[in-house]
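Participant: run_24.csv is reproduced below (CSV, C-alpha atoms).
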```
chain,number,residue,atom,x,y,z
A,22,MET,CA,-67.4,-116.4,58.9
A,23,TYR,CA,-67.7,-116.8,55.1
A,24,PRO,CA,-64.4,-116.3,53.3
A,25,THR,CA,-65.6,-113.5,50.9
A,26,THR,CA,-62.1,-112.4,49.9
A,27,LEU,CA,-61.1,-116.0,49.0
A,28,THR,CA,-64.4,-116.4,47.0
A,29,GLN,CA,-63.5,-113.3,44.9
A,30,ILE,CA,-60.0,-114.7,44.3
A,31,ALA,CA,-61.4,-118.1,43.2
A,32,ARG,CA,-63.9,-116.5,40.9
A,33,ALA,CA,-61.4,-114.1,39.3
A,34,ASN,CA,-58.6,-116.6,38.8
A,35,PRO,CA,-58.9,-118.0,35.3
A,36,PHE,CA,-56.7,-121.0,36.2
A,37,SER,CA,-58.6,-122.1,39.3
A,38,ALA,CA,-61.0,-125.0,39.6
A,39,PRO,CA,-64.7,-124.7,38.9
A,40,LEU,CA,-66.7,-122.7,41.4
A,41,PHE,CA,-67.8,-124.5,44.5
A,42,THR,CA,-70.5,-123.8,47.1
A,43,LEU,CA,-68.8,-122.4,50.1
A,44,GLN,CA,-69.7,-123.8,53.5
A,45,LYS,CA,-69.5,-122.0,56.8
A,46,VAL,CA,-66.7,-123.6,58.8
A,47,GLU,CA,-65.0,-123.0,62.1
A,48,GLU,CA,-61.3,-123.1,61.6
A,49,PRO,CA,-59.1,-124.1,64.5
A,50,LEU,CA,-56.3,-121.7,65.3
A,51,GLN,CA,-53.1,-123.3,64.1
A,52,SER,CA,-49.5,-122.1,64.4
A,53,HIS,CA,-47.6,-122.3,61.1
A,54,LYS,CA,-44.4,-121.1,62.5
A,55,GLY,CA,-41.5,-123.0,61.2
A,56,GLN,CA,-43.5,-125.0,58.7
A,57,ARG,CA,-42.9,-124.9,55.0
A,58,SER,CA,-45.9,-125.0,52.7
A,59,ARG,CA,-44.1,-124.7,49.4
A,60,ARG,CA,-45.2,-127.5,47.1
A,61,LEU,CA,-44.6,-126.1,43.6
A,62,ALA,CA,-41.9,-127.9,41.7
A,63,ALA,CA,-41.3,-130.5,39.0
A,64,ALA,CA,-42.5,-134.0,39.5
A,65,ALA,CA,-40.7,-136.1,42.0
A,66,THR,CA,-41.0,-137.9,45.3
A,67,VAL,CA,-40.8,-136.3,48.7
A,68,ASP,CA,-40.5,-139.4,50.9
A,69,GLU,CA,-36.8,-140.0,50.2
A,70,GLU,CA,-33.7,-138.8,51.8
A,71,VAL,CA,-32.5,-135.4,50.5
A,72,SER,CA,-29.1,-133.8,50.6
A,73,CYS,CA,-30.2,-130.3,51.7
A,74,GLU,CA,-33.2,-128.2,52.8
A,75,PHE,CA,-35.7,-126.9,50.3
A,76,GLY,CA,-34.9,-123.2,49.7
A,77,SER,CA,-31.4,-123.4,51.3
A,78,SER,CA,-28.3,-121.8,49.8
A,79,LYS,CA,-27.0,-125.2,48.8
A,80,TYR,CA,-30.4,-125.9,47.1
A,81,TYR,CA,-30.2,-122.7,45.1
A,82,ALA,CA,-26.5,-123.2,44.2
A,83,LEU,CA,-27.1,-126.7,42.8
A,84,CYS,CA,-30.2,-125.6,40.9
A,85,GLY,CA,-28.0,-122.9,39.3
A,86,PHE,CA,-25.5,-125.6,38.4
A,87,GLY,CA,-28.3,-127.6,36.9
A,88,GLY,CA,-29.2,-124.6,34.9
A,89,ILE,CA,-25.7,-124.2,33.6
A,90,LEU,CA,-25.6,-127.7,32.4
A,91,SER,CA,-29.1,-127.8,30.9
A,92,CYS,CA,-28.8,-124.5,28.9
A,93,GLY,CA,-25.1,-124.5,28.1
A,94,LEU,CA,-24.8,-128.0,26.8
A,95,THR,CA,-28.1,-128.1,24.9
A,96,HIS,CA,-27.7,-124.7,23.1
A,97,THR,CA,-24.1,-125.7,22.1
A,98,ALA,CA,-25.3,-129.0,20.8
A,99,VAL,CA,-27.6,-127.3,18.3
A,100,VAL,CA,-25.3,-124.6,17.1
A,101,PRO,CA,-25.4,-125.8,13.5
A,102,LEU,CA,-29.2,-125.5,13.4
A,103,ASP,CA,-29.1,-122.2,15.2
A,104,LEU,CA,-26.5,-120.9,12.7
A,105,VAL,CA,-28.7,-121.8,9.7
A,106,LYS,CA,-31.8,-120.4,11.5
A,107,CYS,CA,-30.0,-117.1,12.0
A,108,ARG,CA,-28.8,-116.9,8.4
A,109,LEU,CA,-32.4,-117.6,7.2
A,110,GLN,CA,-33.6,-114.7,9.2
A,111,VAL,CA,-30.9,-112.1,8.2
A,112,ASN,CA,-30.3,-113.2,4.6
A,113,PRO,CA,-33.4,-115.0,3.2
A,114,ASP,CA,-32.5,-114.3,-0.4
A,115,LYS,CA,-29.3,-116.4,-0.1
A,116,TYR,CA,-30.5,-119.1,2.3
A,117,LYS,CA,-33.8,-120.4,0.9
A,118,SER,CA,-34.6,-123.2,3.4
A,119,ILE,CA,-33.1,-125.2,6.2
A,120,GLY,CA,-31.7,-127.8,3.8
A,121,ASN,CA,-30.4,-125.1,1.4
A,122,GLY,CA,-28.9,-123.2,4.4
A,123,PHE,CA,-26.9,-126.3,5.5
A,124,ALA,CA,-25.8,-127.0,1.9
A,125,VAL,CA,-24.6,-123.4,1.3
A,126,THR,CA,-22.8,-123.2,4.6
A,127,VAL,CA,-20.9,-126.5,4.1
A,128,ARG,CA,-20.1,-125.5,0.5
A,129,GLU,CA,-18.6,-122.1,1.5
A,130,ASP,CA,-17.1,-122.9,4.9
A,131,GLY,CA,-16.8,-126.6,5.1
A,132,VAL,CA,-18.3,-128.8,7.8
A,133,ARG,CA,-16.4,-126.9,10.5
A,134,GLY,CA,-18.2,-123.8,9.5
A,135,LEU,CA,-21.4,-125.3,11.0
A,136,ALA,CA,-19.8,-124.9,14.4
A,137,LYS,CA,-19.2,-121.2,14.1
A,138,GLY,CA,-20.2,-119.4,17.3
A,139,TRP,CA,-20.0,-122.4,19.6
A,140,ALA,CA,-17.9,-120.6,22.2
A,141,PRO,CA,-20.1,-117.5,22.8
A,142,THR,CA,-23.1,-119.9,22.7
A,143,PHE,CA,-21.7,-122.1,25.4
A,144,ILE,CA,-20.5,-119.3,27.7
A,145,GLY,CA,-23.6,-117.1,27.2
A,146,TYR,CA,-26.2,-119.7,27.6
A,147,SER,CA,-24.4,-121.3,30.6
A,148,MET,CA,-24.6,-117.9,32.3
A,149,GLN,CA,-28.2,-117.5,31.2
A,150,GLY,CA,-29.1,-121.0,32.6
A,151,LEU,CA,-27.5,-120.2,35.9
A,152,CYS,CA,-29.7,-117.1,36.3
A,153,LYS,CA,-32.8,-118.6,34.7
A,154,PHE,CA,-33.1,-121.7,36.7
A,155,GLY,CA,-31.4,-120.5,39.9
A,156,PHE,CA,-33.4,-117.3,40.2
A,157,TYR,CA,-36.6,-119.0,39.1
A,158,GLU,CA,-36.4,-121.2,42.2
A,159,VAL,CA,-35.6,-118.1,44.3
A,160,PHE,CA,-38.5,-116.0,43.0
A,161,LYS,CA,-40.9,-118.9,43.1
A,162,ILE,CA,-40.3,-119.5,46.7
A,163,LEU,CA,-40.2,-115.8,47.5
A,164,TYR,CA,-43.5,-115.1,45.8
A,165,SER,CA,-45.1,-118.2,47.3
A,166,ASP,CA,-44.2,-117.0,50.8
A,167,LEU,CA,-45.7,-113.6,50.1
A,168,LEU,CA,-49.0,-115.1,48.8
A,169,GLY,CA,-49.4,-117.8,51.4
A,170,GLU,CA,-50.3,-121.4,51.0
A,171,GLU,CA,-53.9,-121.0,49.8
A,172,ASN,CA,-53.3,-118.2,47.4
A,173,THR,CA,-50.2,-119.9,46.0
A,174,TYR,CA,-52.4,-122.8,45.0
A,175,LEU,CA,-55.2,-120.6,43.6
A,176,TRP,CA,-52.8,-118.4,41.6
A,177,ARG,CA,-50.1,-121.0,40.8
A,178,THR,CA,-50.0,-120.3,37.1
A,179,SER,CA,-49.6,-116.6,37.7
A,180,LEU,CA,-46.9,-117.4,40.2
A,181,TYR,CA,-45.0,-119.4,37.6
A,182,LEU,CA,-45.3,-116.6,35.1
A,183,ALA,CA,-44.1,-113.9,37.6
A,184,ALA,CA,-41.2,-116.0,38.9
A,185,SER,CA,-39.9,-116.9,35.4
A,186,ALA,CA,-40.2,-113.4,34.1
A,187,SER,CA,-38.3,-112.0,37.1
A,188,ALA,CA,-35.6,-114.6,36.6
A,189,GLU,CA,-35.3,-114.1,32.8
A,190,PHE,CA,-34.8,-110.3,33.3
A,191,PHE,CA,-31.5,-111.0,35.0
A,192,ALA,CA,-30.6,-114.0,32.8
A,193,ASP,CA,-30.7,-111.9,29.6
A,194,ILE,CA,-28.4,-109.3,31.1
A,195,ALA,CA,-25.9,-112.2,31.5
A,196,LEU,CA,-26.6,-113.5,28.0
A,197,ALA,CA,-26.6,-110.3,25.9
A,198,PRO,CA,-22.8,-109.8,25.3
A,199,MET,CA,-22.3,-113.4,24.1
A,200,GLU,CA,-25.5,-113.4,22.1
A,201,ALA,CA,-24.3,-110.3,20.2
A,202,ALA,CA,-20.9,-111.9,19.5
A,203,LYS,CA,-22.5,-115.1,18.4
A,204,VAL,CA,-24.7,-113.5,15.9
A,205,ARG,CA,-21.8,-111.4,14.5
A,206,ILE,CA,-19.7,-114.6,14.0
A,207,GLN,CA,-22.5,-116.5,12.4
A,208,THR,CA,-24.1,-113.9,10.1
A,209,GLN,CA,-21.2,-111.6,9.0
A,210,PRO,CA,-18.8,-113.5,6.8
A,211,GLY,CA,-15.2,-112.4,7.3
A,212,TYR,CA,-15.9,-110.5,10.5
A,213,ALA,CA,-14.5,-113.1,12.9
A,214,ASN,CA,-14.3,-116.8,13.2
A,215,THR,CA,-13.8,-117.2,16.9
A,216,LEU,CA,-14.8,-115.5,20.1
A,217,ARG,CA,-11.2,-114.5,20.7
A,218,GLU,CA,-11.3,-112.5,17.5
A,219,CYS,CA,-14.8,-111.2,17.8
A,220,ALA,CA,-15.0,-109.8,21.4
A,221,PRO,CA,-11.9,-107.5,21.2
A,222,LYS,CA,-13.0,-106.3,17.7
A,223,MET,CA,-16.5,-105.4,18.9
A,224,TYR,CA,-15.2,-103.7,21.9
A,225,ALA,CA,-12.6,-101.7,20.0
A,226,GLU,CA,-15.1,-100.6,17.3
A,227,GLU,CA,-18.1,-99.8,19.5
A,228,GLY,CA,-17.4,-100.0,23.2
A,229,LEU,CA,-19.4,-101.8,25.9
A,230,TRP,CA,-21.9,-99.1,26.7
A,231,ALA,CA,-23.0,-97.9,23.3
A,232,LYS,CA,-25.9,-95.8,24.3
A,233,MET,CA,-23.4,-93.2,25.6
A,234,CYS,CA,-22.1,-92.8,22.1
A,235,LYS,CA,-25.1,-94.0,20.2
A,236,LEU,CA,-23.3,-96.9,18.5
A,237,HIS,CA,-24.0,-100.6,18.3
A,238,SER,CA,-22.7,-102.6,21.3
A,239,PHE,CA,-22.6,-105.7,23.2
A,240,TYR,CA,-25.8,-104.6,25.0
A,241,LYS,CA,-27.7,-103.1,22.1
A,242,GLY,CA,-29.7,-106.2,21.8
A,243,VAL,CA,-30.7,-106.6,25.4
A,244,ALA,CA,-34.1,-104.9,25.0
A,245,PRO,CA,-35.2,-107.0,22.1
A,246,LEU,CA,-33.6,-109.9,23.9
A,247,TRP,CA,-36.0,-109.3,26.8
A,248,MET,CA,-38.8,-109.1,24.2
A,249,ARG,CA,-37.9,-112.5,23.0
A,250,GLN,CA,-36.7,-114.3,26.1
A,251,ILE,CA,-39.2,-113.1,28.8
A,252,PRO,CA,-42.3,-114.4,26.9
A,253,TYR,CA,-40.4,-117.5,26.0
A,254,THR,CA,-39.4,-118.2,29.5
A,255,MET,CA,-42.8,-117.4,31.0
A,256,MET,CA,-44.3,-119.9,28.5
A,257,LYS,CA,-41.5,-122.4,29.2
A,258,PHE,CA,-41.9,-122.6,32.9
A,259,ALA,CA,-45.7,-122.1,33.3
A,260,CYS,CA,-46.6,-124.5,30.5
A,261,PHE,CA,-44.1,-127.1,31.8
A,262,GLU,CA,-45.4,-126.9,35.3
A,263,ARG,CA,-49.0,-127.1,34.4
A,264,THR,CA,-48.3,-129.8,31.8
A,265,VAL,CA,-46.6,-132.0,34.4
A,266,GLU,CA,-49.6,-131.5,36.6
A,267,MET,CA,-52.0,-132.5,33.9
A,268,LEU,CA,-49.9,-135.5,32.7
A,269,TYR,CA,-49.9,-137.0,36.2
A,270,LYS,CA,-53.6,-136.3,36.6
A,271,TYR,CA,-54.9,-137.5,33.3
A,272,VAL,CA,-52.3,-139.5,31.3
A,273,VAL,CA,-49.9,-141.4,33.6
A,274,PRO,CA,-51.8,-144.6,34.6
A,275,LYS,CA,-50.5,-144.6,38.2
A,276,PRO,CA,-49.9,-142.1,41.0
A,277,ARG,CA,-46.7,-140.1,40.7
A,278,SER,CA,-45.5,-141.4,44.0
A,279,GLU,CA,-45.5,-144.9,42.5
A,280,CYS,CA,-43.5,-143.9,39.5
A,281,SER,CA,-39.8,-144.7,39.4
A,282,LYS,CA,-37.3,-141.9,38.8
A,283,PRO,CA,-36.7,-142.9,35.1
A,284,GLU,CA,-40.5,-142.8,34.6
A,285,GLN,CA,-40.7,-139.4,36.2
A,286,LEU,CA,-37.9,-138.1,33.9
A,287,VAL,CA,-39.9,-139.4,30.9
A,288,VAL,CA,-42.8,-137.3,32.0
A,289,THR,CA,-40.4,-134.3,32.5
A,290,PHE,CA,-39.1,-134.8,28.9
A,291,VAL,CA,-42.6,-135.0,27.3
A,292,ALA,CA,-43.8,-131.9,29.3
A,293,GLY,CA,-40.7,-130.0,28.3
A,294,TYR,CA,-41.2,-130.7,24.6
A,295,ILE,CA,-44.8,-129.6,24.7
A,296,ALA,CA,-43.8,-126.4,26.4
A,297,GLY,CA,-41.0,-125.9,23.9
A,298,VAL,CA,-43.3,-125.9,20.9
A,299,PHE,CA,-45.4,-123.1,22.4
A,300,CYS,CA,-42.2,-121.2,23.5
A,301,ALA,CA,-40.9,-121.2,19.9
A,302,ILE,CA,-44.1,-119.7,18.5
A,303,VAL,CA,-44.4,-117.0,21.2
A,304,SER,CA,-40.8,-115.8,21.0
A,305,HIS,CA,-40.0,-116.1,17.3
A,306,PRO,CA,-40.9,-112.6,16.0
A,307,ALA,CA,-38.6,-111.0,18.6
A,308,ASP,CA,-35.9,-113.6,17.8
A,309,SER,CA,-35.9,-112.5,14.2
A,310,VAL,CA,-35.5,-108.9,15.3
A,311,VAL,CA,-32.6,-109.8,17.6
A,312,SER,CA,-30.8,-111.7,14.8
A,313,VAL,CA,-31.1,-108.8,12.3
A,314,LEU,CA,-30.3,-106.1,15.0
A,315,ASN,CA,-27.1,-107.8,16.1
A,316,LYS,CA,-25.9,-108.0,12.4
A,317,GLU,CA,-26.6,-104.4,11.4
A,318,LYS,CA,-25.1,-101.1,12.7
A,319,GLY,CA,-27.3,-98.1,13.3
A,320,SER,CA,-30.6,-99.8,13.3
A,321,THR,CA,-33.2,-99.9,16.1
A,322,ALA,CA,-35.6,-102.7,17.0
A,323,MET,CA,-38.6,-100.8,15.6
A,324,GLN,CA,-36.9,-100.1,12.3
A,325,VAL,CA,-36.0,-103.7,11.9
A,326,LEU,CA,-39.5,-104.8,12.8
A,327,LYS,CA,-41.1,-102.5,10.3
A,328,ARG,CA,-38.6,-103.6,7.6
A,329,LEU,CA,-39.3,-107.3,8.2
A,330,GLY,CA,-43.0,-106.9,8.2
A,331,PRO,CA,-45.6,-109.4,9.4
A,332,LYS,CA,-44.4,-112.1,7.1
A,333,GLY,CA,-40.7,-111.6,7.5
A,334,VAL,CA,-40.7,-112.0,11.3
A,335,TRP,CA,-41.9,-115.6,10.9
A,336,LYS,CA,-39.0,-116.7,8.6
A,337,GLY,CA,-37.2,-119.7,10.1
A,338,LEU,CA,-40.1,-120.6,12.4
A,339,PHE,CA,-40.1,-124.4,11.5
A,340,ALA,CA,-36.4,-124.6,12.3
A,341,ARG,CA,-36.9,-122.8,15.5
A,342,ILE,CA,-39.8,-125.1,16.6
A,343,ILE,CA,-37.6,-128.1,16.0
A,344,MET,CA,-34.7,-126.5,17.8
A,345,ILE,CA,-36.6,-125.0,20.8
A,346,GLY,CA,-38.9,-128.0,21.2
A,347,THR,CA,-35.9,-130.4,21.5
A,348,LEU,CA,-33.9,-127.9,23.5
A,349,THR,CA,-36.6,-127.3,26.1
A,350,ALA,CA,-37.3,-131.0,26.5
A,351,LEU,CA,-33.6,-131.7,27.0
A,352,GLN,CA,-33.1,-128.8,29.3
A,353,TRP,CA,-35.9,-129.9,31.7
A,354,PHE,CA,-34.6,-133.5,31.5
A,355,ILE,CA,-31.1,-132.5,32.4
A,356,TYR,CA,-32.2,-130.1,35.1
A,357,ASP,CA,-34.5,-132.7,36.7
A,358,SER,CA,-31.7,-135.3,36.4
A,359,VAL,CA,-29.3,-133.0,38.2
A,360,LYS,CA,-31.8,-132.7,41.0
A,361,VAL,CA,-32.1,-136.5,41.2
A,362,TYR,CA,-28.3,-137.0,41.1
A,363,PHE,CA,-27.7,-134.5,44.0
A,364,ARG,CA,-30.8,-135.7,45.9
A,365,LEU,CA,-32.3,-132.3,46.0
A,366,PRO,CA,-35.8,-131.8,47.4
A,367,ARG,CA,-38.3,-132.2,44.5
A,368,PRO,CA,-41.9,-131.6,45.8
A,369,PRO,CA,-44.7,-133.1,43.9
A,370,PRO,CA,-47.2,-131.2,41.7
A,371,PRO,CA,-49.4,-128.9,43.9
A,372,GLU,CA,-52.4,-130.1,45.6
A,373,MET,CA,-55.2,-128.1,47.2
A,374,PRO,CA,-54.5,-127.3,50.8
A,375,GLU,CA,-56.8,-128.9,53.4
A,376,SER,CA,-57.7,-125.5,54.8
A,377,LEU,CA,-58.9,-124.4,51.3
A,378,LYS,CA,-60.9,-127.6,50.8
A,379,LYS,CA,-62.7,-126.8,54.1
A,380,LYS,CA,-63.5,-123.3,53.0
A,381,LEU,CA,-64.7,-124.5,49.6
A,382,GLY,CA,-66.9,-127.2,51.3
A,383,LEU,CA,-65.0,-130.1,49.7
A,384,THR,CA,-64.4,-131.9,53.0
A,385,GLU,CA,-66.8,-133.1,55.7
```
Take the structure from the file and write it as structure tokens.
Facilitator:
Amino acid sequence: MYPTTLTQIARANPFSAPLFTLQKVEEPLQSHKGQRSRRLAAAATVDEEVSCEFGSSKYYALCGFGGILSCGLTHTAVVPLDLVKCRLQVNPDKYKSIGNGFAVTVREDGVRGLAKGWAPTFIGYSMQGLCKFGFYEVFKILYSDLLGEENTYLWRTSLYLAASASAEFFADIALAPMEAAKVRIQTQPGYANTLRECAPKMYAEEGLWAKMCKLHSFYKGVAPLWMRQIPYTMMKFACFERTVEMLYKYVVPKPRSECSKPEQLVVTFVAGYIAGVFCAIVSHPADSVVSVLNKEKGSTAMQVLKRLGPKGVWKGLFARIIMIGTLTALQWFIYDSVKVYFRLPRPPPPEMPESLKKKLGLTE
């Protein structure tokens, strides 16, 4: 019979290949029990010895560990730039530019002042990385199993978007308290210099669950954080996955299976930087709102958005592009390096299943 449902999917999917002429084929009955058809992952080889099964508990745990290292270390490394970026957003009259922001900060607080907020940054983004990368692998495999092999290939970009959005929802819940503390330390002079000073002070003043008493809290910024981070992460993962696929298809002069691990990691870094640029642009307006919201008491996200206006929400974009582009590239590099070090399964970029090729008339 003709696969009419599959034809509709192929026509509707904006990320699919060009339309093909479908041929009537007789498909032999095959048992797929016990087989794994998951092939969506960062670039790597599959013909090498691995330390665990793809989709096992150990696999997820080590992916989470890779997320801790990739996010915790990279965000902590760029704390000085993040500090200046936040101050540009919340006090543009005082901090005129990136260079001026660094100069004013060093003049007022010394060189050590550039490291303000490093502790909540490291803790918060480590927890976020654990959930972001760990749950991404979980949801990607879960949704792939629900779709089936053929639909997974046809809708792979949509799969990346859905899996990353699901993972980031939980990751931001883990990040929100430390993000609120970090912004307070960095943007409110005299409030607190360390996390040990800031956290008890915030809790004593406002409590953990502010909505019950309608005060600012550790979790006041979680909704705008979702607004910033979910689009960011969707772009980060989907753009990265498709860029890796395109680089191996059109740019790298030899098949991925013939590339050494260092060469594969270079591709990972390049794809990560490209994804990071788009991430910064997509998420910057919400990032500006989060920075102002965590500084002020009694404001809502909509009030801050209206006050900043169309121009104000883009303050500090150049600094954020530099920071996020570098961060995203390093995060993917570290994450893929962890997979290499622990010999985790790293399936190659997706290829069209043979059964789909038959239905689309691409095979004899």
Participant: When distances are computed from all atoms listed in the file, which of A:Ala201, A:Val334, A:Leu167, A:Leu348 shows the smallest separation from A:Ala296?
Facilitator: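 Checking each candidate against A:Ala296, we get A:Leu348 as the closest.
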Participant: Name the residues in contact with stretch 150-157 of chain A at a cut-off of 9 Å, using only C-alpha atoms, excluding same-chain residues fewer than 2 positions from it; report them as a PDB file with C-alpha atoms, in the coordinates of the input.
Facilitator:
```pdb
ATOM      1  CA  TYR A  81     -30.200-122.700  45.100  1.00  0.00           C
ATOM      2  CA  ALA A  82     -26.500-123.200  44.200  1.00  0.00           C
ATOM      3  CA  LEU A  83     -27.100-126.700  42.800  1.00  0.00           C
ATOM      4  CA  CYS A  84     -30.200-125.600  40.900  1.00  0.00           C
ATOM      5  CA  GLY A  85     -28.000-122.900  39.300  1.00  0.00           C
ATOM      6  CA  PHE A  86     -25.500-125.600  38.400  1.00  0.00           C
ATOM      7  CA  GLY A  87     -28.300-127.600  36.900  1.00  0.00           C
ATOM      8  CA  GLY A  88     -29.200-124.600  34.900  1.00  0.00           C
ATOM      9  CA  ILE A  89     -25.700-124.200  33.600  1.00  0.00           C
ATOM     10  CA  LEU A  90     -25.600-127.700  32.400  1.00  0.00           C
ATOM     11  CA  SER A  91     -29.100-127.800  30.900  1.00  0.00           C
ATOM     12  CA  CYS A  92     -28.800-124.500  28.900  1.00  0.00           C
ATOM     13  CA  GLY A  93     -25.100-124.500  28.100  1.00  0.00           C
ATOM     14  CA  GLY A 145     -23.600-117.100  27.200  1.00  0.00           C
ATOM     15  CA  TYR A 146     -26.200-119.700  27.600  1.00  0.00           C
ATOM     16  CA  SER A 147     -24.400-121.300  30.600  1.00  0.00           C
ATOM     17  CA  MET A 148     -24.600-117.900  32.300  1.00  0.00           C
ATOM     18  CA  VAL A 159     -35.600-118.100  44.300  1.00  0.00           C
ATOM     19  CA  PHE A 160     -38.500-116.000  43.000  1.00  0.00           C
ATOM     20  CA  LYS A 161     -40.900-118.900  43.100  1.00  0.00           C
ATOM     21  CA  ILE A 162     -40.300-119.500  46.700  1.00  0.00           C
ATOM     22  CA  TYR A 181     -45.000-119.400  37.600  1.00  0.00           C
ATOM     23  CA  ALA A 184     -41.200-116.000  38.900  1.00  0.00           C
ATOM     24  CA  SER A 185     -39.900-116.900  35.400  1.00  0.00           C
ATOM     25  CA  ALA A 186     -40.200-113.400  34.100  1.00  0.00           C
ATOM     26  CA  SER A 187     -38.300-112.000  37.100  1.00  0.00           C
ATOM     27  CA  ALA A 188     -35.600-114.600  36.600  1.00  0.00           C
ATOM     28  CA  GLU A 189     -35.300-114.100  32.800  1.00  0.00           C
ATOM     29  CA  PHE A 190     -34.800-110.300  33.300  1.00  0.00           C
ATOM     30  CA  PHE A 191     -31.500-111.000  35.000  1.00  0.00           C
ATOM     31  CA  ALA A 192     -30.600-114.000  32.800  1.00  0.00           C
ATOM     32  CA  ASP A 193     -30.700-111.900  29.600  1.00  0.00           C
ATOM     33  CA  ALA A 195     -25.900-112.200  31.500  1.00  0.00           C
ATOM     34  CA  THR A 254     -39.400-118.200  29.500  1.00  0.00           C
ATOM     35  CA  PHE A 258     -41.900-122.600  32.900  1.00  0.00           C
ATOM     36  CA  TYR A 356     -32.200-130.100  35.100  1.00  0.00           C
TER      37      TYR A 356
END
```
Participant: Can you list, as a VMD selection string, every protein, DNA or RNA residue that comes within 9 Å of A:Phe261 when you count only C-alpha atoms, leaving out same-chain residues fewer than 5 positions away?
Facilitator: chain A and resid 63 256 266 289 292 to 297 353
Participant: Tell me, as a ChimeraX atom specification, which residues lie within 7 Å of stretch 359-365 of chain A, counting all atoms listed in the file; anything in the same chain fewer than 4 positions away does not count.
Facilitator: /A:71-73,80,87,355
Participant: Which value, in Å to one decimal, gives the distance between atom CA of A:Asn172 and atom CA of A:Tyr271?
Facilitator: 24.0 Å
